[in-house]
>>> print(open('final39.pdb').read())   # PDB, C-alpha atoms
ATOM      1  CA  MET L 892      -2.296 -40.486  36.252
ATOM      2  CA  LYS L 893      -2.650 -40.920  32.491
ATOM      3  CA  GLN L 894      -5.061 -38.009  32.403
ATOM      4  CA  HIS L 895      -2.566 -35.729  34.176
ATOM      5  CA  PHE L 896       0.199 -36.895  31.834
ATOM      6  CA  ARG L 897      -1.947 -36.136  28.806
ATOM      7  CA  LYS L 898      -2.764 -32.684  30.151
ATOM      8  CA  THR L 899       0.943 -32.127  30.779
ATOM      9  CA  LEU L 900       1.797 -33.022  27.187
ATOM     10  CA  ILE L 901      -0.910 -30.686  25.883
ATOM     11  CA  GLY L 902       0.272 -27.892  28.158
ATOM     12  CA  PHE L 903       3.900 -28.497  27.179
ATOM     13  CA  GLY L 904       2.954 -28.384  23.500
ATOM     14  CA  ILE L 905       1.104 -25.102  23.992
ATOM     15  CA  ALA L 906       4.113 -23.707  25.901
ATOM     16  CA  VAL L 907       6.516 -24.667  23.098
ATOM     17  CA  ILE L 908       4.256 -23.124  20.443
ATOM     18  CA  GLY L 909       3.912 -19.980  22.565
ATOM     19  CA  TYR L 910       7.687 -19.687  22.928
ATOM     20  CA  ILE L 911       8.221 -20.137  19.190
ATOM     21  CA  LEU L 912       5.641 -17.447  18.381
ATOM     22  CA  LEU L 913       7.153 -15.119  20.963
ATOM     23  CA  SER L 914      10.651 -15.663  19.565
ATOM     24  CA  VAL L 915       9.445 -14.933  16.036
ATOM     25  CA  LEU L 916       7.780 -11.694  17.163
ATOM     26  CA  ILE L 917      10.880 -10.579  19.064
ATOM     27  CA  ASN L 918      13.402 -11.512  16.365
ATOM     28  CA  SER L 919      11.313  -9.816  13.673
ATOM     29  CA  LYS L 920      11.280  -6.620  15.802
ATOM     30  CA  MET L 921       7.483  -6.662  15.996
ATOM     31  CA  LEU L 922       7.901  -6.451  19.770
ATOM     32  CA  ASN L 923      10.198  -3.687  20.979
ATOM     33  CA  ASP L 924      12.023  -3.494  24.312
ATOM     34  CA  PHE L 925       8.987  -1.940  26.033
ATOM     35  CA  TYR L 926       6.707  -4.872  25.175
ATOM     36  CA  ILE L 927       9.410  -7.405  26.018
ATOM     37  CA  ARG L 928       9.796  -5.752  29.417
ATOM     38  CA  ILE L 929       6.044  -6.066  30.055
ATOM     39  CA  LEU L 930       6.025  -9.733  28.994
ATOM     40  CA  MET L 931       8.915 -10.515  31.314
ATOM     41  CA  MET L 932       7.167  -8.810  34.242
ATOM     42  CA  ILE L 933       4.047 -10.837  33.442
ATOM     43  CA  GLY L 934       6.105 -14.033  33.597
ATOM     44  CA  ILE L 935       7.663 -13.080  36.948
ATOM     45  CA  ASN L 936       4.253 -12.175  38.375
ATOM     46  CA  ILE L 937       2.798 -15.495  37.177
ATOM     47  CA  ILE L 938       5.488 -17.336  39.159
ATOM     48  CA  LEU L 939       4.626 -15.290  42.250
ATOM     49  CA  ALA L 940       0.860 -15.683  41.844
ATOM     50  CA  THR L 941       0.874 -19.456  41.293
ATOM     51  CA  ALA L 942       3.309 -19.951  44.192
ATOM     52  CA  LEU L 943       1.165 -17.938  46.615
ATOM     53  CA  ASN L 944      -1.979 -19.686  45.366
ATOM     54  CA  LEU L 945      -0.500 -22.961  46.617
ATOM     55  CA  VAL L 946      -0.647 -21.520  50.146
ATOM     56  CA  ILE L 947      -3.765 -19.344  50.019
ATOM     57  CA  GLY L 948      -5.935 -21.119  47.466
ATOM     58  CA  PHE L 949      -5.065 -24.780  47.912
ATOM     59  CA  THR L 950      -4.009 -24.910  51.575
ATOM     60  CA  GLY L 951      -6.389 -22.224  52.794
ATOM     61  CA  GLN L 952      -3.842 -20.162  54.759
ATOM     62  CA  LEU L 953      -4.124 -16.376  54.383
ATOM     63  CA  VAL L 954      -0.479 -15.352  54.146
ATOM     64  CA  LEU L 955       0.648 -11.752  53.707
ATOM     65  CA  GLY L 956       4.209 -10.460  53.590
ATOM     66  CA  PHE L 957       5.011 -12.769  50.656
ATOM     67  CA  ALA L 958       7.259 -10.119  49.083
ATOM     68  CA  GLY L 959       9.704 -10.714  51.932
ATOM     69  CA  PHE L 960      10.658 -14.097  50.464
ATOM     70  CA  MET L 961      10.952 -12.494  47.042
ATOM     71  CA  SER L 962      13.455 -10.015  48.504
ATOM     72  CA  VAL L 963      15.533 -12.829  50.055
ATOM     73  CA  GLY L 964      15.890 -14.532  46.680
ATOM     74  CA  ALA L 965      16.603 -11.250  44.900
ATOM     75  CA  TYR L 966      19.373 -10.151  47.274
ATOM     76  CA  MET L 967      20.882 -13.624  47.671
ATOM     77  CA  SER L 968      21.198 -14.269  43.931
ATOM     78  CA  ALA L 969      22.430 -10.715  43.287
ATOM     79  CA  VAL L 970      25.200 -11.021  45.890
ATOM     80  CA  LEU L 971      26.256 -14.413  44.536
ATOM     81  CA  THR L 972      26.556 -13.171  40.944
ATOM     82  CA  MET L 973      27.981  -9.715  41.730
ATOM     83  CA  LYS L 974      30.408 -10.362  44.569
ATOM     84  CA  LEU L 975      31.138 -14.074  44.335
ATOM     85  CA  HIS L 976      30.896 -14.289  40.513
ATOM     86  CA  MET L 977      28.700 -17.372  40.582
ATOM     87  CA  PRO L 978      26.877 -18.405  37.373
ATOM     88  CA  PHE L 979      23.312 -17.141  37.064
ATOM     89  CA  ILE L 980      21.288 -20.356  37.352
ATOM     90  CA  PRO L 981      23.089 -21.790  40.429
ATOM     91  CA  ALA L 982      22.772 -18.355  42.070
ATOM     92  CA  LEU L 983      19.075 -18.295  41.208
ATOM     93  CA  VAL L 984      18.525 -21.757  42.727
ATOM     94  CA  LEU L 985      20.472 -20.871  45.865
ATOM     95  CA  GLY L 986      18.432 -17.690  46.170
ATOM     96  CA  GLY L 987      15.273 -19.772  46.037
ATOM     97  CA  ALA L 988      16.735 -22.225  48.562
ATOM     98  CA  MET L 989      17.570 -19.392  50.967
ATOM     99  CA  ALA L 990      14.026 -18.049  50.597
ATOM    100  CA  SER L 991      12.669 -21.516  51.436
ATOM    101  CA  VAL L 992      14.858 -21.573  54.571
ATOM    102  CA  PHE L 993      13.279 -18.285  55.612
ATOM    103  CA  GLY L 994       9.927 -19.829  54.724
ATOM    104  CA  LEU L 995      10.648 -22.663  57.148
ATOM    105  CA  LEU L 996      11.777 -20.253  59.880
ATOM    106  CA  VAL L 997       8.651 -18.162  59.420
ATOM    107  CA  GLY L 998       6.293 -21.069  58.838
ATOM    108  CA  VAL L 999       7.068 -23.179  61.902
ATOM    109  CA  PRO L1000       6.005 -20.589  64.498
ATOM    110  CA  THR L1001       3.245 -18.893  62.472
ATOM    111  CA  LEU L1002       1.343 -21.602  60.605
ATOM    112  CA  ARG L1003      -0.032 -22.966  63.865
ATOM    113  CA  LEU L1004      -2.118 -19.787  63.898
ATOM    114  CA  LYS L1005      -5.303 -19.345  61.913
ATOM    115  CA  GLY L1006      -7.292 -16.648  60.169
ATOM    116  CA  ASP L1007      -6.554 -13.006  60.887
ATOM    117  CA  TYR L1008      -3.822 -13.857  63.397
ATOM    118  CA  LEU L1009      -1.903 -15.763  60.728
ATOM    119  CA  ALA L1010      -2.295 -12.964  58.170
ATOM    120  CA  ILE L1011      -1.085 -10.247  60.557
ATOM    121  CA  THR L1012       1.824 -12.348  61.813
ATOM    122  CA  THR L1013       3.102 -13.204  58.332
ATOM    123  CA  LEU L1014       2.768  -9.551  57.302
ATOM    124  CA  GLY L1015       4.921  -8.663  60.307
ATOM    125  CA  PHE L1016       7.573 -11.226  59.351
ATOM    126  CA  GLY L1017       7.649  -9.816  55.813
ATOM    127  CA  GLU L1018       8.352  -6.366  57.210
ATOM    128  CA  ILE L1019      11.014  -7.774  59.551
ATOM    129  CA  ILE L1020      12.871  -9.227  56.555
ATOM    130  CA  ARG L1021      12.692  -5.863  54.783
ATOM    131  CA  VAL L1022      13.944  -3.956  57.836
ATOM    132  CA  LEU L1023      16.842  -6.397  58.248
ATOM    133  CA  ILE L1024      17.906  -5.716  54.663
ATOM    134  CA  VAL L1025      17.697  -1.947  55.268
ATOM    135  CA  ASN L1026      20.172  -2.281  58.144
ATOM    136  CA  ILE L1027      22.758  -4.460  56.373
ATOM    137  CA  ASP L1028      25.355  -2.248  54.652
ATOM    138  CA  TYR L1029      26.764  -5.217  52.721
ATOM    139  CA  LEU L1030      23.429  -5.379  50.873
ATOM    140  CA  GLY L1031      23.397  -1.641  50.188
ATOM    141  CA  GLY L1032      21.123  -0.739  53.084
ATOM    142  CA  PRO L1033      18.320   1.703  52.261
ATOM    143  CA  ARG L1034      20.214   2.851  49.138
ATOM    144  CA  GLY L1035      19.634  -0.467  47.460
ATOM    145  CA  LEU L1036      21.919  -2.656  45.398
ATOM    146  CA  PRO L1037      22.861  -1.233  41.965
ATOM    147  CA  ALA L1038      24.848  -2.592  39.013
ATOM    148  CA  ILE L1039      23.359  -6.096  39.166
ATOM    149  CA  PRO L1040      24.319  -8.037  36.013
ATOM    150  CA  LYS L1041      21.457  -8.310  33.560
ATOM    151  CA  TYR L1042      21.276 -12.070  33.185
ATOM    152  CA  THR L1043      17.497 -12.371  33.056
ATOM    153  CA  THR L1044      16.217 -12.891  29.517
ATOM    154  CA  TYR L1045      12.752 -13.626  28.168
ATOM    155  CA  THR L1046      13.906 -17.208  27.518
ATOM    156  CA  TRP L1047      14.829 -17.811  31.156
ATOM    157  CA  VAL L1048      11.652 -16.149  32.393
ATOM    158  CA  TYR L1049       9.537 -18.248  30.036
ATOM    159  CA  ILE L1050      11.243 -21.552  30.911
ATOM    160  CA  ILE L1051      11.157 -20.975  34.672
ATOM    161  CA  CYS L1052       7.554 -19.760  34.514
ATOM    162  CA  VAL L1053       6.458 -22.944  32.726
ATOM    163  CA  LEU L1054       8.470 -25.166  35.078
ATOM    164  CA  SER L1055       7.066 -23.477  38.188
ATOM    165  CA  VAL L1056       3.481 -23.904  37.016
ATOM    166  CA  LEU L1057       4.191 -27.528  36.094
ATOM    167  CA  VAL L1058       5.786 -28.339  39.473
ATOM    168  CA  ILE L1059       2.948 -26.736  41.422
ATOM    169  CA  TYR L1060       0.387 -28.536  39.237
ATOM    170  CA  TYR L1061       1.928 -31.922  40.049
ATOM    171  CA  ILE L1062       2.191 -31.073  43.744
ATOM    172  CA  ILE L1063      -1.513 -30.228  43.824
ATOM    173  CA  HIS L1064      -2.447 -33.495  42.132
ATOM    174  CA  SER L1065      -0.215 -35.625  44.352
ATOM    175  CA  SER L1066      -1.048 -37.176  47.716
ATOM    176  CA  HIS L1067       0.645 -34.217  49.426
ATOM    177  CA  GLY L1068      -1.503 -31.864  47.385
ATOM    178  CA  ARG L1069      -4.680 -33.671  48.383
ATOM    179  CA  ALA L1070      -3.590 -33.340  52.019
ATOM    180  CA  MET L1071      -3.155 -29.580  51.494
ATOM    181  CA  ILE L1072      -6.613 -29.302  49.958
ATOM    182  CA  SER L1073      -8.129 -31.290  52.824
ATOM    183  CA  VAL L1074      -6.608 -28.794  55.257
ATOM    184  CA  ARG L1075      -8.317 -26.009  53.347
ATOM    185  CA  GLU L1076     -11.679 -27.772  53.414
ATOM    186  CA  ASP L1077     -11.690 -28.895  57.065
ATOM    187  CA  GLU L1078      -8.547 -28.923  59.155
ATOM    188  CA  ILE L1079     -10.148 -30.701  62.135
ATOM    189  CA  ALA L1080     -11.524 -33.496  59.943
ATOM    190  CA  SER L1081      -8.111 -33.833  58.268
ATOM    191  CA  GLU L1082      -6.415 -34.271  61.627
ATOM    192  CA  SER L1083      -8.978 -36.870  62.646
ATOM    193  CA  MET L1084      -8.140 -38.837  59.482
ATOM    194  CA  GLY L1085      -4.460 -38.918  60.447
ATOM    195  CA  ILE L1086      -3.189 -36.134  58.177
ATOM    196  CA  ASN L1087      -0.303 -34.123  59.586
ATOM    197  CA  THR L1088      -1.852 -30.712  58.934
ATOM    198  CA  THR L1089       1.140 -28.773  60.251
ATOM    199  CA  TYR L1090       3.455 -30.597  57.841
ATOM    200  CA  ALA L1091       1.057 -29.991  54.949
ATOM    201  CA  LYS L1092       0.912 -26.260  55.664
ATOM    202  CA  ILE L1093       4.641 -25.835  56.234
ATOM    203  CA  SER L1094       5.585 -27.830  53.112
ATOM    204  CA  ALA L1095       3.260 -25.655  50.998
ATOM    205  CA  PHE L1096       4.804 -22.562  52.564
ATOM    206  CA  ILE L1097       8.364 -23.732  51.846
ATOM    207  CA  VAL L1098       7.610 -24.564  48.201
ATOM    208  CA  ALA L1099       5.871 -21.214  47.703
ATOM    209  CA  ALA L1100       8.784 -19.352  49.327
ATOM    210  CA  PHE L1101      11.246 -21.173  47.038
ATOM    211  CA  PHE L1102       9.476 -20.009  43.887
ATOM    212  CA  ALA L1103       9.090 -16.502  45.344
ATOM    213  CA  GLY L1104      12.873 -16.449  45.788
ATOM    214  CA  ILE L1105      13.362 -17.609  42.194
ATOM    215  CA  ALA L1106      11.033 -14.844  40.997
ATOM    216  CA  GLY L1107      12.966 -12.339  43.104
ATOM    217  CA  GLY L1108      16.239 -13.424  41.502
ATOM    218  CA  LEU L1109      14.778 -13.005  38.023
ATOM    219  CA  TYR L1110      13.394  -9.612  39.040
ATOM    220  CA  GLY L1111      16.731  -8.345  40.369
ATOM    221  CA  HIS L1112      18.759  -9.512  37.372
ATOM    222  CA  PHE L1113      16.171  -7.988  35.057
ATOM    223  CA  LEU L1114      15.932  -4.474  36.554
ATOM    224  CA  MET L1115      19.644  -4.476  37.554
ATOM    225  CA  PHE L1116      18.729  -2.613  40.737
ATOM    226  CA  ILE L1117      16.857  -3.622  43.870
ATOM    227  CA  ASP L1118      16.089  -1.772  47.079
ATOM    228  CA  PRO L1119      14.012  -2.613  50.174
ATOM    229  CA  LYS L1120      11.130  -0.386  49.018
ATOM    230  CA  SER L1121      10.556  -2.732  46.078
ATOM    231  CA  PHE L1122       9.491  -5.486  48.496
ATOM    232  CA  ASP L1123       7.283  -3.634  50.977
ATOM    233  CA  TRP L1124       3.762  -4.564  52.092
ATOM    234  CA  LEU L1125       2.263  -2.994  48.949
ATOM    235  CA  LYS L1126       4.093  -5.551  46.815
ATOM    236  CA  SER L1127       2.768  -8.329  49.048
ATOM    237  CA  PHE L1128      -0.803  -7.092  48.646
ATOM    238  CA  GLU L1129      -0.295  -6.867  44.887
ATOM    239  CA  ILE L1130       0.602 -10.572  44.761
ATOM    240  CA  VAL L1131      -2.398 -11.440  46.957
ATOM    241  CA  THR L1132      -4.587  -9.455  44.544
ATOM    242  CA  PHE L1133      -3.424 -11.649  41.651
ATOM    243  CA  VAL L1134      -4.521 -14.743  43.562
ATOM    244  CA  VAL L1135      -7.874 -13.388  44.768
ATOM    245  CA  ALA L1136      -8.824 -11.836  41.412
ATOM    246  CA  GLY L1137      -7.964 -14.978  39.465
ATOM    247  CA  GLY L1138      -9.669 -17.346  41.867
ATOM    248  CA  MET L1139      -8.267 -19.041  44.934
ATOM    249  CA  GLY L1140      -7.685 -22.651  44.000
ATOM    250  CA  SER L1141      -7.210 -22.091  40.264
ATOM    251  CA  LEU L1142      -3.755 -22.080  38.673
ATOM    252  CA  THR L1143      -5.057 -20.836  35.328
ATOM    253  CA  GLY L1144      -6.972 -18.128  37.178
ATOM    254  CA  SER L1145      -3.721 -16.911  38.758
ATOM    255  CA  ILE L1146      -2.018 -16.956  35.364
ATOM    256  CA  LEU L1147      -4.801 -14.932  33.727
ATOM    257  CA  SER L1148      -5.104 -12.396  36.536
ATOM    258  CA  ALA L1149      -1.339 -11.898  36.850
ATOM    259  CA  GLY L1150      -1.135 -11.246  33.122
ATOM    260  CA  ALA L1151      -4.166  -8.959  32.961
ATOM    261  CA  LEU L1152      -3.387  -6.931  36.080
ATOM    262  CA  THR L1153       0.251  -6.471  35.030
ATOM    263  CA  LEU L1154      -0.810  -5.357  31.564
ATOM    264  CA  LEU L1155      -3.689  -3.076  32.606
ATOM    265  CA  PRO L1156      -1.668  -0.177  34.110
ATOM    266  CA  GLU L1157       0.607  -0.154  31.065
ATOM    267  CA  ILE L1158      -2.358   0.008  28.669
ATOM    268  CA  LEU L1159      -3.845   2.933  30.601
ATOM    269  CA  ARG L1160      -0.476   4.681  30.517
ATOM    270  CA  LEU L1161      -0.243   4.260  26.740
ATOM    271  CA  PHE L1162      -3.645   5.901  26.270
ATOM    272  CA  GLY L1163      -2.733   8.902  28.412
ATOM    273  CA  PHE L1164      -4.475   7.835  31.621
ATOM    274  CA  SER L1165      -1.282   7.363  33.597
ATOM    275  CA  LYS L1166      -2.499   9.670  36.381
ATOM    276  CA  TYR L1167      -5.625   7.590  36.843
ATOM    277  CA  ARG L1168      -4.298   4.108  36.224
ATOM    278  CA  MET L1169      -4.291   3.134  39.917
ATOM    279  CA  LEU L1170      -7.841   4.483  40.295
ATOM    280  CA  MET L1171      -9.035   2.447  37.292
ATOM    281  CA  TYR L1172      -7.166  -0.564  38.639
ATOM    282  CA  ALA L1173      -9.001  -0.278  41.978
ATOM    283  CA  ILE L1174     -12.412   0.264  40.311
ATOM    284  CA  LEU L1175     -12.059  -2.836  38.146
ATOM    285  CA  LEU L1176     -11.074  -4.908  41.171
ATOM    286  CA  LEU L1177     -14.061  -3.549  43.093
ATOM    287  CA  ILE L1178     -16.414  -4.510  40.244
ATOM    288  CA  LEU L1179     -14.893  -7.994  40.121
ATOM    289  CA  MET L1180     -15.317  -8.490  43.870
ATOM    290  CA  LEU L1181     -18.949  -7.310  43.736
ATOM    291  CA  PHE L1182     -20.069  -9.447  40.813
ATOM    292  CA  ARG L1183     -17.576 -12.317  40.957
ATOM    293  CA  PRO L1184     -16.433 -12.530  44.603
ATOM    294  CA  GLN L1185     -14.879 -15.962  44.125
ATOM    295  CA  GLY L1186     -12.570 -14.546  41.457
ATOM    296  CA  LEU L1187     -12.484 -14.900  37.701
ATOM    297  CA  MET L1188     -12.092 -18.696  37.618
ATOM    298  CA  GLY L1189     -13.244 -19.571  41.129
ATOM    299  CA  SER L1190     -11.729 -22.971  41.863
ATOM    300  CA  LYS L1191     -12.028 -24.162  38.245
ATOM    301  CA  GLU L1192      -9.272 -24.554  35.708
ATOM    302  CA  LEU L1193      -9.423 -23.206  32.190
ATOM    303  CA  SER L1194     -11.097 -25.500  29.641
ATOM    304  CA  LEU L1195     -13.555 -25.321  26.771
ATOM    305  CA  LYS L1196     -16.330 -26.380  29.140
ATOM    306  CA  VAL L1197     -15.482 -23.568  31.541
ATOM    307  CA  PHE L1198     -15.580 -21.063  28.677
ATOM    308  CA  LYS L1199     -19.168 -22.110  27.966
ATOM    309  CA  ASN L1200     -20.301 -22.051  31.580
ATOM    310  CA  LEU L1201     -18.280 -19.094  32.920
ATOM    311  CA  GLY L1202     -20.572 -16.327  34.104
ATOM    312  CA  PHE L1203     -20.783 -13.515  36.606
ATOM    313  CA  LYS L1204     -23.233 -13.455  39.417
ATOM    314  CA  LYS L1205     -23.694 -11.169  42.348
ATOM    315  CA  ALA L1206     -22.315 -12.133  45.770
ATOM    316  CA  GLY L1207     -23.128 -15.748  46.303
ATOM    317  CA  GLY L1208     -21.684 -19.132  45.541
ATOM    318  CA  GLU L1209     -19.817 -20.138  42.475
ATOM    319  CA  LYS L1210     -21.759 -20.447  39.244
TER     320      LYS L1210
END
>>> encode(input="final39.pdb", output="structure tokens")
Amino acid sequence: MKQHFRKTLIGFGIAVIGYILLSVLINSKMLNDFYIRILMMIGINIILATALNLVIGFTGQLVLGFAGFMSVGAYMSAVLTMKLHMPFIPALVLGGAMASVFGLLVGVPTLRLKGDYLAITTLGFGEIIRVLIVNIDYLGGPRGLPAIPKYTTYTWVYIICVLSVLVIYYIIHSSHGRAMISVREDEIASESMGINTTYAKISAFIVAAFFAGIAGGLYGHFLMFIDPKSFDWLKSFEIVTFVVAGGMGSLTGSILSAGALTLLPEILRLFGFSKYRMLMYAILLLILMLFRPQGLMGSKELSLKVFKNLGFKKAGGEK
């Protein structure tokens, strides 16, 4: 416990220093609105990636359709602030809570499935949520929801990003987290040891859906416009890519991959390769999967020791 507390203090110190440096760069105009926009999208994607990693990487459940829970949080918080004039943070929390309710409704019938059946079923539920939004005129239907107040700032994104990573870190290193990891390693053996595997999977799903809803609320109040197309199956696969590329079972891997893969298309666009940015994106992912199939970090967390030992090796176990 002392070790986790010490790591938390170190991480908190790094987060505070990072925020101070970021504030200095923004206030001195060294970072313009374009770079601030990219940084905020990186923060939102980190929340999504670490939340989904709790389900895929640490609980071992291949869940697609994750963008559906993001859309629930985005629309819920937008309606609360626009039409009911609720303050931003309570609306954001209620959006996350509503997403977790949908997570429970989806998780109870689906998480008893395994493997490909689970993946296909959750993808279907994600599309059902999107289609429901399309057919609700109060939410703008297929036209989307414009004129959302711009309450999302880099400060809120930074704070919520740090808090989400911290909460998921402590869940993983708690008794509930160890139960989730045991489900990933061997579900039958976990059941034989008296672990309620269904509860472990559903609780991970609910927590992940909550943070997806929070990320959706930040996303909507940042872009000031949301529509159902923003949360289709392509968005779900993008979030899964962050998790797989960074390493399933590594929080720092998800953070690094979410940052790098959000930044990469923008860098290619700046250098005039905007037409080919998706092609380059796919090629780099293909190279990573060929030479580092377990992802950038595998199941390790970032440390000085990992920096020394990190290497790439062709299709096989972790180095």
>>> residues_around(input="final39.pdb", residues="stretch 1113-1115 of chain L", least_positions_apart="4", cutoff="9 Å", atoms="only C-alpha atoms", output="tab-separated table (two decimals) with C-alpha atoms, in the frame of the given file")
chain	number	residue	atom	x	y	z
L	928	ARG	CA	9.80	-5.75	29.42
L	931	MET	CA	8.91	-10.52	31.31
L	969	ALA	CA	22.43	-10.72	43.29
L	1036	LEU	CA	21.92	-2.66	45.40
L	1037	PRO	CA	22.86	-1.23	41.96
L	1038	ALA	CA	24.85	-2.59	39.01
L	1039	ILE	CA	23.36	-6.10	39.17
L	1040	PRO	CA	24.32	-8.04	36.01
L	1041	LYS	CA	21.46	-8.31	33.56
L	1042	TYR	CA	21.28	-12.07	33.18
L	1043	THR	CA	17.50	-12.37	33.06
L	1044	THR	CA	16.22	-12.89	29.52
L	1108	GLY	CA	16.24	-13.42	41.50
L	1109	LEU	CA	14.78	-13.00	38.02
>>> resolve_selection(input="final39.pdb", expression="the PyMOL selection byres ((chain L and resi 1145) around 10)", output="mmCIF file with C-alpha atoms, in the frame of the given file")
data_model
loop_
_atom_site.group_PDB
_atom_site.id
_atom_site.type_symbol
_atom_site.label_atom_id
_atom_site.label_comp_id
_atom_site.auth_asym_id
_atom_site.auth_seq_id
_atom_site.Cartn_x
_atom_site.Cartn_y
_atom_site.Cartn_z
ATOM 1 C CA ASN L 936 4.253 -12.175 38.375
ATOM 2 C CA ILE L 937 2.798 -15.495 37.177
ATOM 3 C CA ILE L 938 5.488 -17.336 39.159
ATOM 4 C CA LEU L 939 4.626 -15.290 42.250
ATOM 5 C CA ALA L 940 0.860 -15.683 41.844
ATOM 6 C CA THR L 941 0.874 -19.456 41.293
ATOM 7 C CA ALA L 942 3.309 -19.951 44.192
ATOM 8 C CA LEU L 943 1.165 -17.938 46.615
ATOM 9 C CA ASN L 944 -1.979 -19.686 45.366
ATOM 10 C CA GLY L 948 -5.935 -21.119 47.466
ATOM 11 C CA ILE L 1130 0.602 -10.572 44.761
ATOM 12 C CA VAL L 1131 -2.398 -11.440 46.957
ATOM 13 C CA THR L 1132 -4.587 -9.455 44.544
ATOM 14 C CA PHE L 1133 -3.424 -11.649 41.651
ATOM 15 C CA VAL L 1134 -4.521 -14.743 43.562
ATOM 16 C CA VAL L 1135 -7.874 -13.388 44.768
ATOM 17 C CA ALA L 1136 -8.824 -11.836 41.412
ATOM 18 C CA GLY L 1137 -7.964 -14.978 39.465
ATOM 19 C CA GLY L 1138 -9.669 -17.346 41.867
ATOM 20 C CA MET L 1139 -8.267 -19.041 44.934
ATOM 21 C CA GLY L 1140 -7.685 -22.651 44.000
ATOM 22 C CA SER L 1141 -7.210 -22.091 40.264
ATOM 23 C CA LEU L 1142 -3.755 -22.080 38.673
ATOM 24 C CA THR L 1143 -5.057 -20.836 35.328
ATOM 25 C CA GLY L 1144 -6.972 -18.128 37.178
ATOM 26 C CA ILE L 1146 -2.018 -16.956 35.364
ATOM 27 C CA LEU L 1147 -4.801 -14.932 33.727
ATOM 28 C CA SER L 1148 -5.104 -12.396 36.536
ATOM 29 C CA ALA L 1149 -1.339 -11.898 36.850
ATOM 30 C CA GLY L 1150 -1.135 -11.246 33.122
ATOM 31 C CA ALA L 1151 -4.166 -8.959 32.961
ATOM 32 C CA GLY L 1186 -12.570 -14.546 41.457
ATOM 33 C CA LEU L 1187 -12.484 -14.900 37.701
ATOM 34 C CA MET L 1188 -12.092 -18.696 37.618
ATOM 35 C CA GLU L 1192 -9.272 -24.554 35.708
#
>>> closest_residue(input="final39.pdb", among="L:Met932, L:Val997, L:Leu1057, L:Leu1170", to="L:Ile1019", atoms="only C-alpha atoms")
L:Val997
>>> resolve_selection(input="final39.pdb", expression="the PyMOL selection byres ((chain L and resi 1058) around 12)", output="list in words")
Thr899, Ile938, Thr941, Ala942, Leu945, Ile1051, Cys1052, Val1053, Leu1054, Ser1055, Val1056, Leu1057, Ile1059, Tyr1060, Tyr1061, Ile1062, Ile1063, His1064, Ser1065, Gly1068, Val1098, Ala1099, Phe1101, Phe1102 and Leu1142 of chain L
>>> resolve_selection(input="final39.pdb", expression="the PyMOL selection byres ((chain L and resi 988) around 9)", output="short mmCIF file (atom, residue, chain, number, x, y, z; two decimals) with C-alpha atoms, in the coordinates of the input")
data_model
loop_
_atom_site.label_atom_id
_atom_site.label_comp_id
_atom_site.auth_asym_id
_atom_site.auth_seq_id
_atom_site.Cartn_x
_atom_site.Cartn_y
_atom_site.Cartn_z
CA GLY L 964 15.89 -14.53 46.68
CA LEU L 983 19.08 -18.30 41.21
CA VAL L 984 18.52 -21.76 42.73
CA LEU L 985 20.47 -20.87 45.86
CA GLY L 986 18.43 -17.69 46.17
CA GLY L 987 15.27 -19.77 46.04
CA MET L 989 17.57 -19.39 50.97
CA ALA L 990 14.03 -18.05 50.60
CA SER L 991 12.67 -21.52 51.44
CA VAL L 992 14.86 -21.57 54.57
CA PHE L 993 13.28 -18.28 55.61
CA ALA L 1100 8.78 -19.35 49.33
CA PHE L 1101 11.25 -21.17 47.04
CA PHE L 1102 9.48 -20.01 43.89
CA GLY L 1104 12.87 -16.45 45.79
CA ILE L 1105 13.36 -17.61 42.19
#
>>> closest_residue(input="final39.pdb", among="L:Pro1156, L:Pro981, L:Gly998, L:Pro1119", to="L:Ile929", atoms="all atoms listed in the file")
L:Pro1156
>>> atom_distance(input="final39.pdb", atom1="atom CA of L:Ala1091", atom2="atom CA of L:Ile947")
12.7 Å
>>> atom_distance(input="final39.pdb", atom1="atom CA of L:Gly1111", atom2="atom CA of L:Gly902")
28.3 Å
>>> atom_distance(input="final39.pdb", atom1="atom CA of L:Arg1069", atom2="atom CA of L:Thr1088")
11.3 Å
>>> closest_residue(input="final39.pdb", among="L:Thr1046, L:Ser1190, L:Asn1026, L:Ser1121", to="L:Gly909", atoms="all atoms listed in the file")
L:Thr1046
>>> residues_around(input="final39.pdb", residues="L:Asn1087", least_positions_apart="4", cutoff="10 Å", atoms="all atoms listed in the file", output="number ranges by chain")
L: 1070-1071, 1074, 1078, 1081-1083, 1091-1092
>>> axis_aligned_box(input="final39.pdb", around="stretch 1052-1058 of chain L", padding_each_side="6 Å", output="AutoDock Vina command-line options")
--center_x 6.0 --center_y -24.0 --center_z 36.1 --size_x 17.0 --size_y 20.6 --size_z 18.7
>>> closest_residue(input="final39.pdb", among="L:Leu1014, L:Leu916, L:Val970, L:Leu1152", to="L:Ser1127", atoms="all atoms listed in the file")
L:Leu1014
>>> closest_residue(input="final39.pdb", among="L:Tyr926, L:Tyr1008, L:Thr1013, L:Ile917", to="L:Ile1158", atoms="all atoms listed in the file")
L:Tyr926
>>> closest_residue(input="final39.pdb", among="L:Tyr1029, L:Phe1116, L:Phe925, L:Tyr1110", to="L:Glu1157", atoms="only C-alpha atoms")
L:Phe925
>>> residues_around(input="final39.pdb", residues="L:Ile1093", least_positions_apart="2", cutoff="7 Å", atoms="all atoms listed in the file", output="list in words")
Leu995, Gly998, Val999, Leu1002, Thr1089, Tyr1090, Ala1091, Ala1095, Phe1096 and Ile1097 of chain L
